[in-house]
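The next block holds one structure in the form of structure tokens; read it before the comments.
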Amino acid sequence: MSPTPIALGFVVNDVATEQENYTTIRLARRACARGHRVAIIGLGDFTYDATGCVRASACIPQRSDYADDAGLLAELQGEGATRERISVEDLDVLMLRSDPAEELESRPWAPNSALLFAQLVAARHVIVLNDPTRLTDASNKTYFQHFPEELRPETCITLDPDEIKSFIAAHDGYGVIKPLQGSGGQSVFVVTPESGANLNQMIDAVVRDGYAIAQEYLPRAADGDLRLLTLNGRPLQVDGTWACIRRYNDSGDARSNISAGGKYEAAVPDADALRLAEIAAPKLIRDGMYFAGLDIVGDRMMEINVDTPGGINMIEELTGVDFSGHIIADLERKVRLRDQYNRTLGNVELAML
């Protein structure tokens, strides 16, 4: 039996900058294939109008049978793309999928503005994922410090170069320095005793854009890291297969981010990874972080991505498992629950049910 159609919106940085290997495009295409009405909204496309309604200029896919992600993206970015002025409050689900790090220089106002619009529509019983109030709290990597110490590497957050040097010295000359705000391995430096002569330049390259994070170096990072996706606060697993990849870099670059040239392969989370996911779950659930990406090295978690967790397309291609279809079906279930309870459930409750 075909699912009851729902109206599903995706908020992205800008439709023009989306790429065919993005998880958002895969989810949107799968939603179209299941017969749903899909709207793609950029961070700058919202309007709060004089009637008190949140509206948006949205790109609306016109088909349900796109052959691949590239086909959907070509339509959305083509000259004939269909744009409509929609009431965001008429959507059933709004998925927030923008990357704040991409807006740091040219549009620093954009991510928080969209979150404020999202908070308004959540109050009108649109299911907003991840929860927009908690995403506002998670606007930079200090959010990670609210998780239990047991899962985190030792960390120092500062603008003071001397503090960073003292931290590195206390860890025998090893460490990782990265910006407090950022993603994709940008401006990430691995410090070793041999690189000490360049330490000042590394620190300068990071702190010129704001606060820096200095973290202890985990030797097992040389073998790469695990990206484990979670849904409803728990590791995502479909038909016995985990939504998990090992990311690694065999070029000598210490970063394993795919966007930094890293490679990837299907992986099964080990006991350490599952234990860390179990520790993280209560806070993810409490904060309404429906869809998240856990970046794990050995028995420590390096980061938690709650803005734009990705990798679904890669995992599907490696495993042949329809994770994106599972996620869309889960959203259908949440809409049914919302309506069965006459819209009396809160956004965080619906996000994690």
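By order of appearance in the structure tokens: chains A, B, ..., then residues from 1 within every chain, and ligands from 1 in the order shown.
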
### Message
Let's see if you can do this: from backbone DSSP, list all alpha helix (DSSP H) residues in stretch 256-301 of chain A, as number ranges by chain.
### Response
A: 271-286

### Query
Near A:Leu353, within 9 Å and counting only C-alpha atoms, which residues show up once chain neighbours fewer than 5 positions away are dropped, as number ranges by chain?
A: 232, 334, 337, 348

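Counting only C-alpha atoms, A:Ala277 has the following residues at most 8 Å away, ignoring those fewer than 3 positions along the same chain: Arg234, Pro235, Ala273, Leu274, Ala280, Ala281 and Leu294 of chain A.
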
List every residue of stretch 241-303 of chain A that has an atom at most 12 Å from any atom of stretch 85-100 of chain A, giving for each one its closest atom pair and the distance in Å to one decimal, counting only C-alpha atoms, sorted by chain and then by ascending residue number, as JSON lines.
```
{"residue": "A:Met289", "atom": "CA", "partner": "A:Leu96", "partner_atom": "CA", "distance": 10.9}
{"residue": "A:Tyr290", "atom": "CA", "partner": "A:Met95", "partner_atom": "CA", "distance": 9.8}
{"residue": "A:Phe291", "atom": "CA", "partner": "A:Met95", "partner_atom": "CA", "distance": 9.6}
{"residue": "A:Ala292", "atom": "CA", "partner": "A:Arg97", "partner_atom": "CA", "distance": 11.0}
```

Write the selection just made, keeping N, CA and C atoms, as a CSV table (one decimal), in the first residue's frame?
```csv
chain,number,residue,atom,x,y,z
A,289,MET,N,17.7,15.7,18.7
A,289,MET,CA,18.6,15.5,17.6
A,289,MET,C,18.3,14.2,16.8
A,290,TYR,N,17.3,14.3,16.0
A,290,TYR,CA,16.7,13.2,15.3
A,290,TYR,C,17.7,12.4,14.5
A,291,PHE,N,18.5,13.2,13.7
A,291,PHE,CA,19.5,12.6,12.7
A,291,PHE,C,20.8,13.2,13.0
A,292,ALA,N,21.8,12.4,13.4
A,292,ALA,CA,23.1,12.9,13.8
A,292,ALA,C,24.2,12.0,13.2
```

#### Entry: Selected residue of minimal separation from A:Asp65 among A:Ala138, A:Ala31, A:Leu104, A:Ala122, counting only C-alpha atoms
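Checking each candidate against A:Asp65, we get A:Ala31 as the closest.
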
### Query
So which residues touch A:Arg338 within 12 Å, counting only C-alpha atoms, skipping near sequence neighbours fewer than 6 positions away, as a PyMOL selection string?
chain A and resi 92-93+125-127+331-332+344-351+353

### Summary
From atom CA of A:Leu276 to atom CA of A:Val176 the spacing works out at 20.7 Å

### Task
Take atom CA of A:Glu216 and atom CA of A:Pro153 and report the distance between them in Å, one decimal.
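Separating atom CA of A:Glu216 from atom CA of A:Pro153 is a distance of 6.0 Å.
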
Wanna dump the stretch 39-132 of chain A-stretch 311-327 of chain A contacts at 12 Å for me, each residue with its shortest atom pair and the distance in Å to one decimal, counting only C-alpha atoms, ordered by chain and number, as CSV?
```
residue,atom,partner,partner_atom,distance
A:Asp68,CA,A:Asn313,CA,11.0
A:Asp69,CA,A:Asn313,CA,9.4
A:Met95,CA,A:Ile327,CA,11.5
A:Leu129,CA,A:Ile327,CA,11.9
```
